$ cat data05.cif   # mmCIF, C-alpha atoms
data_entry
loop_
_atom_site.label_atom_id
_atom_site.label_comp_id
_atom_site.auth_asym_id
_atom_site.auth_seq_id
_atom_site.Cartn_x
_atom_site.Cartn_y
_atom_site.Cartn_z
CA MET A 1 67.06 -42.80 -49.78
CA SER A 2 64.98 -42.43 -46.62
CA VAL A 3 63.06 -39.17 -46.25
CA ASP A 4 63.36 -39.51 -42.47
CA ARG A 5 67.16 -39.82 -42.74
CA LEU A 6 67.41 -36.70 -44.89
CA GLU A 7 65.14 -34.70 -42.60
CA ARG A 8 67.02 -35.72 -39.45
CA TYR A 9 70.32 -34.85 -41.12
CA ALA A 10 68.94 -31.52 -42.35
CA ASP A 11 67.72 -30.70 -38.85
CA LEU A 12 71.17 -31.46 -37.43
CA ALA A 13 72.84 -29.18 -39.97
CA LEU A 14 70.38 -26.39 -39.18
CA LYS A 15 70.16 -26.73 -35.40
CA VAL A 16 73.67 -27.82 -34.42
CA GLY A 17 75.61 -26.72 -37.52
CA VAL A 18 74.51 -23.17 -38.32
CA ASN A 19 72.09 -22.76 -35.40
CA LEU A 20 69.58 -21.14 -37.77
CA GLN A 21 67.59 -18.34 -36.15
CA PRO A 22 63.99 -17.34 -36.97
CA GLY A 23 64.04 -14.64 -39.62
CA GLN A 24 67.61 -15.44 -40.74
CA PRO A 25 68.51 -15.93 -44.42
CA LEU A 26 70.10 -19.24 -45.44
CA MET A 27 72.37 -20.04 -48.37
CA VAL A 28 73.10 -23.66 -49.30
CA HIS A 29 76.09 -24.24 -51.60
CA ALA A 30 76.18 -27.72 -53.11
CA ASP A 31 76.92 -29.82 -56.15
CA VAL A 32 73.96 -30.79 -58.32
CA ALA A 33 74.48 -34.40 -57.16
CA HIS A 34 73.53 -33.34 -53.63
CA ALA A 35 70.07 -32.12 -54.60
CA PRO A 36 68.05 -34.60 -52.44
CA LEU A 37 69.78 -33.40 -49.25
CA VAL A 38 69.58 -29.76 -50.33
CA ARG A 39 65.82 -30.05 -50.83
CA ALA A 40 65.45 -31.49 -47.33
CA ILE A 41 67.56 -28.68 -45.86
CA ALA A 42 65.45 -26.06 -47.64
CA ASP A 43 62.20 -27.64 -46.46
CA ARG A 44 63.35 -27.88 -42.83
CA ALA A 45 64.79 -24.36 -42.95
CA TRP A 46 61.46 -22.88 -44.04
CA ARG A 47 59.75 -24.79 -41.24
CA ALA A 48 62.34 -23.44 -38.78
CA GLY A 49 61.51 -19.85 -39.73
CA ALA A 50 64.19 -18.88 -42.28
CA SER A 51 63.44 -15.54 -43.93
CA THR A 52 64.83 -16.70 -47.26
CA VAL A 53 66.46 -19.88 -48.55
CA PHE A 54 68.76 -19.68 -51.56
CA VAL A 55 70.67 -22.49 -53.25
CA TYR A 56 73.89 -22.04 -55.22
CA TYR A 57 74.56 -25.16 -57.27
CA THR A 58 77.85 -26.07 -58.90
CA ASP A 59 78.77 -29.10 -61.02
CA LEU A 60 82.11 -30.61 -60.04
CA GLN A 61 82.19 -32.74 -63.19
CA LEU A 62 82.68 -29.56 -65.23
CA ARG A 63 86.05 -29.14 -63.53
CA LYS A 64 87.71 -31.53 -66.00
CA SER A 65 86.70 -29.36 -68.94
CA LEU A 66 88.12 -26.33 -67.16
CA VAL A 67 91.43 -27.99 -66.33
CA ASP A 68 91.90 -29.75 -69.67
CA LEU A 69 90.54 -27.21 -72.14
CA ALA A 70 90.36 -23.68 -70.71
CA PRO A 71 92.97 -21.04 -71.52
CA GLU A 72 95.47 -20.45 -68.73
CA ALA A 73 93.90 -17.14 -67.68
CA ALA A 74 90.50 -18.80 -67.13
CA LEU A 75 91.73 -21.24 -64.48
CA THR A 76 91.54 -18.74 -61.62
CA VAL A 77 88.58 -16.62 -62.78
CA THR A 78 85.73 -16.15 -60.29
CA ALA A 79 82.18 -16.56 -61.61
CA PRO A 80 80.47 -13.18 -62.13
CA GLY A 81 78.45 -12.02 -59.15
CA THR A 82 79.62 -14.64 -56.68
CA VAL A 83 81.79 -12.29 -54.63
CA ARG A 84 78.92 -9.79 -54.49
CA MET A 85 76.60 -12.64 -53.47
CA LEU A 86 78.88 -13.41 -50.55
CA GLU A 87 79.05 -9.73 -49.61
CA GLU A 88 75.25 -9.56 -49.49
CA LEU A 89 75.07 -12.65 -47.29
CA VAL A 90 77.55 -11.02 -44.92
CA GLU A 91 75.48 -7.82 -44.85
CA GLN A 92 72.36 -9.86 -44.05
CA ARG A 93 74.08 -11.86 -41.27
CA ALA A 94 73.11 -15.05 -43.05
CA ALA A 95 73.65 -18.73 -42.33
CA TYR A 96 75.65 -20.70 -44.89
CA ILE A 97 75.74 -24.48 -45.36
CA ARG A 98 78.34 -26.00 -47.67
CA VAL A 99 77.61 -29.56 -48.78
CA ALA A 100 80.63 -31.77 -49.62
CA GLY A 101 80.99 -35.16 -51.33
CA ASP A 102 82.65 -35.54 -54.71
CA PRO A 103 80.47 -37.34 -57.30
CA ALA A 104 83.45 -37.92 -59.62
CA PRO A 105 86.59 -38.09 -57.47
CA ASP A 106 88.83 -39.59 -60.17
CA GLN A 107 87.85 -37.16 -62.91
CA LEU A 108 91.25 -35.42 -62.96
CA ALA A 109 93.40 -38.54 -62.53
CA HIS A 110 94.90 -38.08 -66.00
CA SER A 111 94.83 -34.28 -66.16
CA ASP A 112 97.81 -31.96 -65.74
CA PRO A 113 98.38 -31.72 -61.95
CA ALA A 114 99.96 -28.27 -62.28
CA ARG A 115 96.81 -26.87 -63.93
CA SER A 116 94.64 -28.70 -61.40
CA GLY A 117 96.46 -26.92 -58.59
CA ARG A 118 95.80 -23.52 -60.12
CA ALA A 119 92.16 -24.14 -61.02
CA PHE A 120 90.04 -22.49 -58.37
CA GLN A 121 88.12 -19.22 -58.06
CA VAL A 122 90.77 -17.12 -56.32
CA ASP A 123 88.74 -13.96 -55.63
CA PHE A 124 85.80 -15.90 -54.22
CA MET A 125 88.04 -18.03 -52.01
CA ARG A 126 89.89 -14.94 -50.78
CA ARG A 127 86.57 -13.30 -49.79
CA TRP A 128 85.34 -16.56 -48.26
CA GLY A 129 88.50 -16.74 -46.16
CA GLY A 130 87.88 -13.18 -44.99
CA ALA A 131 84.30 -13.98 -44.04
CA ILE A 132 85.48 -16.93 -41.95
CA ALA A 133 88.37 -15.04 -40.38
CA HIS A 134 86.18 -12.12 -39.35
CA ARG A 135 83.25 -14.31 -38.21
CA GLU A 136 80.85 -12.74 -40.69
CA LEU A 137 78.64 -15.80 -41.31
CA ALA A 138 77.11 -18.63 -39.29
CA TRP A 139 78.46 -21.51 -41.35
CA THR A 140 78.94 -25.24 -41.41
CA ILE A 141 80.06 -27.98 -43.81
CA VAL A 142 78.27 -31.32 -44.05
CA GLY A 143 78.88 -34.33 -46.28
CA CYS A 144 76.39 -35.96 -48.64
CA PRO A 145 77.05 -39.55 -49.79
CA VAL A 146 76.87 -40.04 -53.55
CA GLU A 147 77.81 -42.94 -55.83
CA GLY A 148 81.19 -41.66 -56.99
CA TRP A 149 82.33 -40.97 -53.45
CA ALA A 150 81.09 -44.38 -52.25
CA ARG A 151 82.94 -46.11 -55.09
CA GLN A 152 86.16 -44.37 -54.09
CA VAL A 153 85.78 -45.40 -50.43
CA PHE A 154 84.59 -49.00 -50.88
CA GLY A 155 85.50 -49.92 -54.45
CA GLU A 156 81.79 -50.18 -55.29
CA PRO A 157 78.92 -47.66 -55.35
CA ASP A 158 77.50 -48.74 -51.99
CA VAL A 159 75.86 -45.43 -51.08
CA GLU A 160 73.83 -46.98 -48.25
CA ARG A 161 77.01 -48.21 -46.54
CA LEU A 162 78.54 -44.74 -46.85
CA TRP A 163 75.38 -43.17 -45.41
CA ARG A 164 75.64 -45.43 -42.36
CA ALA A 165 79.28 -44.40 -41.87
CA VAL A 166 78.44 -40.70 -42.21
CA GLU A 167 75.58 -41.08 -39.73
CA GLN A 168 78.01 -42.50 -37.18
CA THR A 169 80.49 -39.64 -37.66
CA VAL A 170 77.80 -37.02 -37.02
CA ARG A 171 76.14 -39.02 -34.21
CA LEU A 172 72.85 -39.45 -36.06
CA ASP A 173 72.92 -43.09 -34.96
CA LEU A 174 72.25 -41.96 -31.37
CA PRO A 175 68.84 -41.19 -29.83
CA ASP A 176 69.82 -37.57 -29.09
CA PRO A 177 72.40 -36.38 -31.66
CA ALA A 178 72.28 -32.76 -30.51
CA GLY A 179 72.86 -33.75 -26.90
CA ALA A 180 75.76 -36.01 -27.93
CA TRP A 181 77.32 -33.09 -29.77
CA THR A 182 76.96 -30.84 -26.73
CA GLU A 183 78.86 -33.42 -24.66
CA ARG A 184 81.64 -33.95 -27.22
CA LEU A 185 82.13 -30.24 -27.89
CA ALA A 186 82.40 -29.57 -24.16
CA LYS A 187 85.20 -32.14 -23.92
CA LEU A 188 87.04 -30.56 -26.85
CA GLU A 189 86.67 -27.12 -25.27
CA GLY A 190 88.24 -28.53 -22.11
CA ILE A 191 91.26 -29.79 -24.07
CA ALA A 192 91.63 -26.41 -25.80
CA GLY A 193 91.47 -24.70 -22.42
CA ALA A 194 94.20 -26.94 -21.00
CA LEU A 195 96.47 -26.17 -23.95
CA ASN A 196 95.86 -22.46 -23.51
CA GLU A 197 96.74 -22.66 -19.82
CA ARG A 198 100.10 -24.24 -20.64
CA GLY A 199 100.98 -21.45 -23.05
CA PHE A 200 103.37 -23.51 -25.17
CA ASP A 201 105.85 -21.62 -27.35
CA ALA A 202 105.84 -24.28 -30.09
CA ILE A 203 104.55 -27.71 -31.10
CA ARG A 204 106.92 -30.45 -32.24
CA TYR A 205 106.03 -33.45 -34.43
CA ARG A 206 108.22 -36.56 -34.62
CA GLY A 207 107.61 -39.77 -36.59
CA PRO A 208 108.60 -41.63 -39.76
CA GLY A 209 109.86 -39.00 -42.20
CA THR A 210 108.83 -36.28 -39.76
CA ASP A 211 110.73 -33.90 -37.51
CA LEU A 212 109.00 -30.54 -37.50
CA THR A 213 108.68 -27.68 -35.02
CA VAL A 214 105.91 -25.10 -35.42
CA GLY A 215 106.15 -21.86 -33.45
CA LEU A 216 103.05 -20.40 -31.81
CA LEU A 217 102.02 -16.77 -31.38
CA PRO A 218 102.04 -15.29 -27.86
CA SER A 219 98.38 -14.25 -28.07
CA GLY A 220 97.27 -17.26 -30.11
CA ARG A 221 94.67 -19.53 -28.55
CA TRP A 222 93.53 -23.06 -29.11
CA MET A 223 89.86 -23.51 -30.01
CA SER A 224 87.35 -26.18 -30.89
CA ALA A 225 84.32 -25.84 -33.14
CA GLY A 226 82.31 -25.66 -29.92
CA GLY A 227 83.78 -22.20 -29.37
CA PHE A 228 82.67 -20.74 -32.70
CA SER A 229 80.37 -17.75 -32.79
CA THR A 230 79.71 -14.97 -35.26
CA ALA A 231 80.74 -11.36 -34.72
CA TRP A 232 77.16 -10.71 -33.51
CA GLY A 233 77.24 -13.62 -31.05
CA GLN A 234 75.45 -16.48 -32.86
CA ALA A 235 76.99 -19.81 -31.85
CA HIS A 236 77.54 -22.36 -34.62
CA VAL A 237 79.59 -25.50 -35.29
CA ALA A 238 81.83 -25.02 -38.31
CA ASN A 239 82.15 -28.65 -39.44
CA LEU A 240 79.91 -31.67 -38.96
CA PRO A 241 81.71 -33.84 -38.06
CA THR A 242 84.33 -32.03 -35.99
CA GLU A 243 86.76 -33.72 -33.60
CA GLU A 244 89.65 -31.26 -33.44
CA VAL A 245 91.21 -28.52 -31.37
CA PHE A 246 93.14 -26.06 -33.49
CA THR A 247 95.06 -22.80 -33.64
CA SER A 248 96.85 -20.61 -36.17
CA PRO A 249 100.62 -20.68 -35.68
CA ASP A 250 103.33 -18.07 -36.18
CA ARG A 251 103.84 -18.17 -39.96
CA ARG A 252 107.54 -17.29 -39.53
CA ARG A 253 108.58 -20.12 -37.22
CA THR A 254 108.12 -23.52 -38.86
CA GLU A 255 111.28 -25.58 -39.29
CA GLY A 256 111.91 -29.14 -40.46
CA THR A 257 110.15 -31.81 -42.51
CA ILE A 258 106.75 -33.42 -42.14
CA ARG A 259 105.25 -36.38 -43.99
CA SER A 260 101.50 -36.74 -44.45
CA THR A 261 100.16 -39.91 -42.82
CA ARG A 262 97.04 -40.29 -44.98
CA PRO A 263 96.19 -39.76 -48.64
CA LEU A 264 94.91 -36.30 -49.48
CA ALA A 265 92.06 -35.67 -51.93
CA VAL A 266 92.48 -32.16 -53.32
CA ALA A 267 91.63 -30.39 -56.58
CA GLY A 268 90.25 -33.57 -58.11
CA ARG A 269 93.39 -35.60 -57.44
CA VAL A 270 94.48 -38.05 -54.75
CA ILE A 271 97.92 -37.23 -53.36
CA GLU A 272 99.90 -39.88 -51.53
CA GLY A 273 103.31 -39.64 -49.92
CA LEU A 274 103.15 -35.87 -49.47
CA GLU A 275 106.25 -34.56 -47.74
CA LEU A 276 106.98 -30.89 -47.05
CA THR A 277 110.16 -29.21 -45.83
CA PHE A 278 110.03 -25.80 -44.15
CA LYS A 279 112.70 -23.20 -43.50
CA GLU A 280 111.97 -19.95 -41.65
CA GLY A 281 108.28 -20.74 -41.97
CA ARG A 282 108.24 -21.23 -45.73
CA ILE A 283 107.75 -24.47 -47.66
CA THR A 284 111.02 -24.95 -49.51
CA GLU A 285 110.60 -28.51 -50.81
CA VAL A 286 107.55 -30.51 -51.92
CA ARG A 287 107.61 -34.24 -52.60
CA ALA A 288 104.73 -36.58 -53.44
CA ASP A 289 104.08 -39.83 -55.28
CA ASP A 290 103.07 -40.00 -58.96
CA GLY A 291 104.07 -36.45 -59.81
CA ALA A 292 101.30 -34.93 -57.70
CA ASP A 293 103.86 -32.61 -56.08
CA ALA A 294 103.29 -30.29 -59.08
CA LEU A 295 99.71 -29.74 -57.93
CA ILE A 296 100.84 -28.70 -54.44
CA ARG A 297 103.60 -26.47 -55.81
CA ASN A 298 101.08 -24.62 -57.93
CA GLN A 299 98.68 -24.23 -55.02
CA ILE A 300 101.33 -22.71 -52.76
CA ALA A 301 102.40 -20.40 -55.60
CA THR A 302 98.91 -18.83 -55.71
CA ASP A 303 99.98 -15.88 -53.56
CA PRO A 304 102.71 -14.87 -51.07
CA GLY A 305 100.97 -16.61 -48.15
CA GLY A 306 100.54 -19.93 -49.92
CA PRO A 307 103.83 -21.53 -48.76
CA TYR A 308 103.26 -20.83 -45.03
CA LEU A 309 101.17 -22.61 -42.40
CA GLY A 310 97.80 -21.20 -41.38
CA GLU A 311 96.50 -23.94 -39.06
CA ILE A 312 97.60 -26.83 -36.86
CA ALA A 313 95.01 -29.15 -35.34
CA LEU A 314 95.05 -32.01 -32.84
CA VAL A 315 92.66 -35.00 -32.87
CA ASP A 316 92.64 -37.87 -30.36
CA LYS A 317 91.52 -41.49 -30.56
CA ASP A 318 88.05 -40.63 -29.20
CA SER A 319 87.21 -39.24 -32.63
CA ARG A 320 84.17 -41.03 -34.03
CA VAL A 321 85.63 -40.62 -37.50
CA GLY A 322 88.92 -42.18 -36.47
CA LYS A 323 87.22 -45.09 -34.70
CA LEU A 324 85.66 -46.21 -37.98
CA GLY A 325 89.14 -47.00 -39.30
CA MET A 326 88.21 -45.77 -42.78
CA ILE A 327 89.80 -43.45 -45.26
CA PHE A 328 86.96 -41.26 -46.53
CA TRP A 329 89.05 -39.60 -49.27
CA ASN A 330 87.35 -36.37 -48.20
CA THR A 331 89.11 -33.74 -46.12
CA LEU A 332 86.05 -32.91 -43.99
CA TYR A 333 86.15 -36.47 -42.62
CA ASP A 334 89.81 -37.46 -42.87
CA GLU A 335 91.03 -34.32 -41.08
CA ASN A 336 88.72 -35.23 -38.19
CA ALA A 337 90.09 -38.76 -38.00
CA THR A 338 93.59 -37.66 -37.04
CA CYS A 339 95.83 -34.65 -36.45
CA HIS A 340 96.33 -32.32 -39.38
CA MET A 341 97.69 -28.97 -40.46
CA ALA A 342 97.06 -26.61 -43.36
CA PHE A 343 99.23 -24.41 -45.50
CA GLY A 344 97.65 -21.13 -46.52
CA ASN A 345 95.17 -18.91 -44.74
CA GLY A 346 95.08 -18.59 -40.96
CA PHE A 347 92.20 -17.62 -38.69
CA ASP A 348 92.11 -14.08 -37.27
CA PHE A 349 89.82 -15.11 -34.43
CA THR A 350 92.47 -17.40 -32.92
CA VAL A 351 94.88 -14.51 -32.31
CA SER A 352 93.82 -11.75 -29.92
CA ASP A 353 96.65 -9.23 -30.28
CA ALA A 354 96.64 -6.99 -33.37
CA LYS A 355 100.44 -6.84 -33.52
CA ASP A 356 100.66 -10.64 -33.43
CA ARG A 357 98.11 -10.87 -36.23
CA GLU A 358 99.97 -8.37 -38.38
CA ALA A 359 103.41 -9.90 -37.81
CA GLY A 360 102.74 -13.62 -37.64
CA LEU A 361 99.26 -14.64 -38.87
CA ASN A 362 99.25 -16.02 -42.40
CA GLN A 363 96.90 -14.71 -45.08
CA SER A 364 96.22 -16.46 -48.38
CA ALA A 365 93.47 -17.47 -50.80
CA VAL A 366 94.66 -21.05 -50.24
CA HIS A 367 93.83 -23.28 -47.26
CA THR A 368 94.74 -26.92 -47.84
CA ASP A 369 94.59 -29.39 -44.95
CA PHE A 370 96.72 -32.53 -44.86
CA MET A 371 96.84 -35.27 -42.23
CA VAL A 372 99.89 -35.65 -39.98
CA GLY A 373 98.73 -37.83 -37.07
CA GLY A 374 98.52 -41.47 -36.12
CA HIS A 375 99.93 -43.95 -33.63
CA GLU A 376 103.46 -43.53 -34.97
CA VAL A 377 103.55 -39.72 -34.56
CA GLU A 378 104.58 -38.16 -31.26
CA ILE A 379 103.45 -34.60 -30.61
CA ASP A 380 104.98 -32.43 -27.87
CA GLY A 381 104.43 -28.94 -26.57
CA VAL A 382 107.66 -26.95 -26.32
CA GLU A 383 107.89 -24.50 -23.45
CA LYS A 384 109.66 -21.15 -23.70
CA GLY A 385 112.74 -22.59 -21.96
CA GLY A 386 112.93 -25.42 -24.50
CA SER A 387 111.51 -28.25 -22.37
CA ALA A 388 109.28 -30.71 -24.25
CA VAL A 389 105.97 -31.83 -22.73
CA PRO A 390 104.09 -34.81 -24.28
CA ILE A 391 100.72 -33.85 -25.74
CA LEU A 392 99.78 -36.91 -27.83
CA ARG A 393 101.11 -40.44 -27.56
CA ASP A 394 99.48 -43.33 -29.39
CA ASP A 395 96.73 -40.89 -30.44
CA GLN A 396 95.83 -40.19 -26.80
CA PHE A 397 96.04 -36.84 -25.04
CA GLN A 398 98.45 -36.86 -22.13
CA SER A 399 98.10 -35.07 -18.78
CA PHE A 400 99.83 -31.92 -19.91
#
$ encode --input "data05.cif" --output "structure tokens"
Amino acid sequence: MSVDRLERYADLALKVGVNLQPGQPLMVHADVAHAPLVRAIADRAWRAGASTVFVYYTDLQLRKSLVDLAPEAALTVTAPGTVRMLEELVEQRAAYIRVAGDPAPDQLAHSDPARSGRAFQVDFMRRWGGAIAHRELAWTIVGCPVEGWARQVFGEPDVERLWRAVEQTVRLDLPDPAGAWTERLAKLEGIAGALNERGFDAIRYRGPGTDLTVGLLPSGRWMSAGGFSTAWGQAHVANLPTEEVFTSPDRRRTEGTIRSTRPLAVAGRVIEGLELTFKEGRITEVRADDGADALIRNQIATDPGGPYLGEIALVDKDSRVGKLGMIFWNTLYDENATCHMAFGNGFDFTVSDAKDREAGLNQSAVHTDFMVGGHEVEIDGVEKGGSAVPILRDDQFQSF
């Protein structure tokens, strides 16, 4: 693995991703398999003037032991001290980099999907969701190619090939990656602004197995990652790559059925054929291939907000991820290849009115994205009078 590649990637995560400031603390959260990239991030962060650099390692391969062997009560337990750790990072106005890339993506293929769906640290995820919603950290997520992930994507452990694909998605293949990101984020901000000017009352999805209408909040606004900033005004880019404009809908006003258009890798399982039916905002039916619907049912049963939508996002055919024509089997990448939505937690910062937030913004420890776009899906904006205005056709934004 090239030292130059790791250093350039680390610099991108620090400069474009979290926009690390001199004297700012940095936390890197990664799997042990990501250690080479983490070391490069730490080294470049010290050189960039970080006050402290901490690393919190986890081992995703231990998840199988948890799911298969732990008592039921242990599935949702949060590791001691981790919530307090997050609180301290918030108090210190820290930067936070999460590294993604599953080293053993098929480890739970034969485990109980219901237990897999329940197995996550609920208290930590609830506090993490609050930190994101209230803009309490400068954060980003980046991917790190590893053998297991490469084997899942290509059928062989071709890590170099996966690195080249990842470099294209984050524009590291260009002479000036940071400048390329400035240009792309400006375009996405323009699309978000146009959607906000139209003030649509709802968004409608139509396609094979899909006829769904999602109501929007009056004071909700569309955003891109180019519009992210912390509560103290530090700009950052939440995901690298990012190709979406998104908002949090009215949790009470989703009606119909939607079918996922790409496989979803979640909780150590791959879910295909996911289909959800909503009534009065709530998921009332879950269907998926190979019995994986049990995993989703257990996720949405985590808390009262689990069965409601927290995010809808639009992605066009200019996405660098989408242009590769690959399935990455990783939500960070696949959600930026095409349109998606998420059941679970919504984002406070997308809704300006306190009454709207209280009445219609979803809150949950869960936030699971699934892909709902593609050439066969038509997406319209619905005006208050009921008229439909085309937003996406053939994966291309229309002149709305």
$ residues_around --input "data05.cif" --residues "stretch 114-129 of chain A" --least-positions-apart "4" --cutoff "8 Å" --atoms "only C-alpha atoms" --output "PDB file with C-alpha atoms, in the coordinates of the input"
ATOM      1  CA  LEU A  66      88.120 -26.330 -67.160  1.00  0.00           C
ATOM      2  CA  VAL A  67      91.430 -27.990 -66.330  1.00  0.00           C
ATOM      3  CA  LEU A  75      91.730 -21.240 -64.480  1.00  0.00           C
ATOM      4  CA  THR A  76      91.540 -18.740 -61.620  1.00  0.00           C
ATOM      5  CA  VAL A  77      88.580 -16.620 -62.780  1.00  0.00           C
ATOM      6  CA  THR A  78      85.730 -16.150 -60.290  1.00  0.00           C
ATOM      7  CA  ALA A  79      82.180 -16.560 -61.610  1.00  0.00           C
ATOM      8  CA  THR A  82      79.620 -14.640 -56.680  1.00  0.00           C
ATOM      9  CA  VAL A  83      81.790 -12.290 -54.630  1.00  0.00           C
ATOM     10  CA  LEU A  86      78.880 -13.410 -50.550  1.00  0.00           C
ATOM     11  CA  LEU A 108      91.250 -35.420 -62.960  1.00  0.00           C
ATOM     12  CA  ALA A 133      88.370 -15.040 -40.380  1.00  0.00           C
ATOM     13  CA  ALA A 267      91.630 -30.390 -56.580  1.00  0.00           C
ATOM     14  CA  GLY A 268      90.250 -33.570 -58.110  1.00  0.00           C
ATOM     15  CA  ALA A 294     103.290 -30.290 -59.080  1.00  0.00           C
ATOM     16  CA  LEU A 295      99.710 -29.740 -57.930  1.00  0.00           C
ATOM     17  CA  ILE A 296     100.840 -28.700 -54.440  1.00  0.00           C
ATOM     18  CA  ARG A 297     103.600 -26.470 -55.810  1.00  0.00           C
ATOM     19  CA  ASN A 298     101.080 -24.620 -57.930  1.00  0.00           C
ATOM     20  CA  GLN A 299      98.680 -24.230 -55.020  1.00  0.00           C
ATOM     21  CA  THR A 302      98.910 -18.830 -55.710  1.00  0.00           C
ATOM     22  CA  ASN A 345      95.170 -18.910 -44.740  1.00  0.00           C
ATOM     23  CA  SER A 364      96.220 -16.460 -48.380  1.00  0.00           C
ATOM     24  CA  ALA A 365      93.470 -17.470 -50.800  1.00  0.00           C
ATOM     25  CA  VAL A 366      94.660 -21.050 -50.240  1.00  0.00           C
TER      26      VAL A 366
END
$ residues_around --input "data05.cif" --residues "A:Glu280" --least-positions-apart "6" --cutoff "6 Å" --atoms "only C-alpha atoms" --output "MDAnalysis selection string"
chainID A and resid 252:254
$ resolve_selection --input "data05.cif" --expression "the PyMOL selection byres ((chain A and resi 359-362) around 9)" --output "mmCIF file with C-alpha atoms, in the coordinates of the input"
data_model
loop_
_atom_site.group_PDB
_atom_site.id
_atom_site.type_symbol
_atom_site.label_atom_id
_atom_site.label_comp_id
_atom_site.auth_asym_id
_atom_site.auth_seq_id
_atom_site.Cartn_x
_atom_site.Cartn_y
_atom_site.Cartn_z
ATOM 1 C CA LEU A 216 103.050 -20.400 -31.810
ATOM 2 C CA LEU A 217 102.020 -16.770 -31.380
ATOM 3 C CA SER A 248 96.850 -20.610 -36.170
ATOM 4 C CA PRO A 249 100.620 -20.680 -35.680
ATOM 5 C CA ASP A 250 103.330 -18.070 -36.180
ATOM 6 C CA ARG A 251 103.840 -18.170 -39.960
ATOM 7 C CA ARG A 252 107.540 -17.290 -39.530
ATOM 8 C CA ARG A 253 108.580 -20.120 -37.220
ATOM 9 C CA GLY A 305 100.970 -16.610 -48.150
ATOM 10 C CA GLY A 306 100.540 -19.930 -49.920
ATOM 11 C CA TYR A 308 103.260 -20.830 -45.030
ATOM 12 C CA LEU A 309 101.170 -22.610 -42.400
ATOM 13 C CA GLY A 310 97.800 -21.200 -41.380
ATOM 14 C CA PHE A 343 99.230 -24.410 -45.500
ATOM 15 C CA GLY A 344 97.650 -21.130 -46.520
ATOM 16 C CA ASN A 345 95.170 -18.910 -44.740
ATOM 17 C CA GLY A 346 95.080 -18.590 -40.960
ATOM 18 C CA PHE A 347 92.200 -17.620 -38.690
ATOM 19 C CA ASP A 348 92.110 -14.080 -37.270
ATOM 20 C CA VAL A 351 94.880 -14.510 -32.310
ATOM 21 C CA ALA A 354 96.640 -6.990 -33.370
ATOM 22 C CA LYS A 355 100.440 -6.840 -33.520
ATOM 23 C CA ASP A 356 100.660 -10.640 -33.430
ATOM 24 C CA ARG A 357 98.110 -10.870 -36.230
ATOM 25 C CA GLU A 358 99.970 -8.370 -38.380
ATOM 26 C CA GLN A 363 96.900 -14.710 -45.080
ATOM 27 C CA SER A 364 96.220 -16.460 -48.380
#
$ atom_distance --input "data05.cif" --atom1 "atom CA of A:Leu264" --atom2 "atom CA of A:Trp139"
23.6 Å
$ resolve_selection --input "data05.cif" --expression "the PyMOL selection byres ((chain A and resi 14) around 10)" --output "PyMOL selection string"
chain A and resi 8-13+15-21+26+41-42+44-45+48+95-97+139-140+236
$ write_last_selection --input "data05.cif" --atoms "C-alpha atoms" --output "CSV table (one decimal), in the frame of the given file"
chain,number,residue,atom,x,y,z
A,8,ARG,CA,67.0,-35.7,-39.4
A,9,TYR,CA,70.3,-34.8,-41.1
A,10,ALA,CA,68.9,-31.5,-42.4
A,11,ASP,CA,67.7,-30.7,-38.8
A,12,LEU,CA,71.2,-31.5,-37.4
A,13,ALA,CA,72.8,-29.2,-40.0
A,15,LYS,CA,70.2,-26.7,-35.4
A,16,VAL,CA,73.7,-27.8,-34.4
A,17,GLY,CA,75.6,-26.7,-37.5
A,18,VAL,CA,74.5,-23.2,-38.3
A,19,ASN,CA,72.1,-22.8,-35.4
A,20,LEU,CA,69.6,-21.1,-37.8
A,21,GLN,CA,67.6,-18.3,-36.2
A,26,LEU,CA,70.1,-19.2,-45.4
A,41,ILE,CA,67.6,-28.7,-45.9
A,42,ALA,CA,65.4,-26.1,-47.6
A,44,ARG,CA,63.4,-27.9,-42.8
A,45,ALA,CA,64.8,-24.4,-43.0
A,48,ALA,CA,62.3,-23.4,-38.8
A,95,ALA,CA,73.6,-18.7,-42.3
A,96,TYR,CA,75.6,-20.7,-44.9
A,97,ILE,CA,75.7,-24.5,-45.4
A,139,TRP,CA,78.5,-21.5,-41.4
A,140,THR,CA,78.9,-25.2,-41.4
A,236,HIS,CA,77.5,-22.4,-34.6
$ atom_distance --input "data05.cif" --atom1 "atom CA of A:Ala265" --atom2 "atom CA of A:Gly381"
29.0 Å
$ closest_residue --input "data05.cif" --among "A:Pro145, A:Pro22, A:Gly227, A:Asp353" --to "A:Gly49" --atoms "only C-alpha atoms"
A:Pro22
$ closest_residue --input "data05.cif" --among "A:Asp43, A:Asp290, A:Asp334, A:Glu285" --to "A:Thr169" --atoms "only C-alpha atoms"
A:Asp334
$ resolve_selection --input "data05.cif" --expression "the PyMOL selection byres ((chain A and resi 197-210) around 10)" --output "VMD selection string"
chain A and resid 191 to 196 211 to 222 249 to 250 253 to 261 275 to 277 312 372 to 392 400
$ closest_atom_pairs --input "data05.cif" --of "stretch 79-119 of chain A" --to "stretch 34-38 of chain A" --cutoff "12 Å" --atoms "all atoms listed in the file" --output "CSV"
residue,atom,partner,partner_atom,distance
A:Ile97,CA,A:Val38,CA,9.5
A:Arg98,CA,A:Val38,CA,9.9
A:Val99,CA,A:His34,CA,7.4
A:Ala100,CA,A:His34,CA,8.3
A:Gly101,CA,A:His34,CA,8.0
A:Asp102,CA,A:His34,CA,9.4
A:Pro103,CA,A:His34,CA,8.8
$ atom_distance --input "data05.cif" --atom1 "atom CA of A:Thr331" --atom2 "atom CA of A:Asp369"
7.1 Å
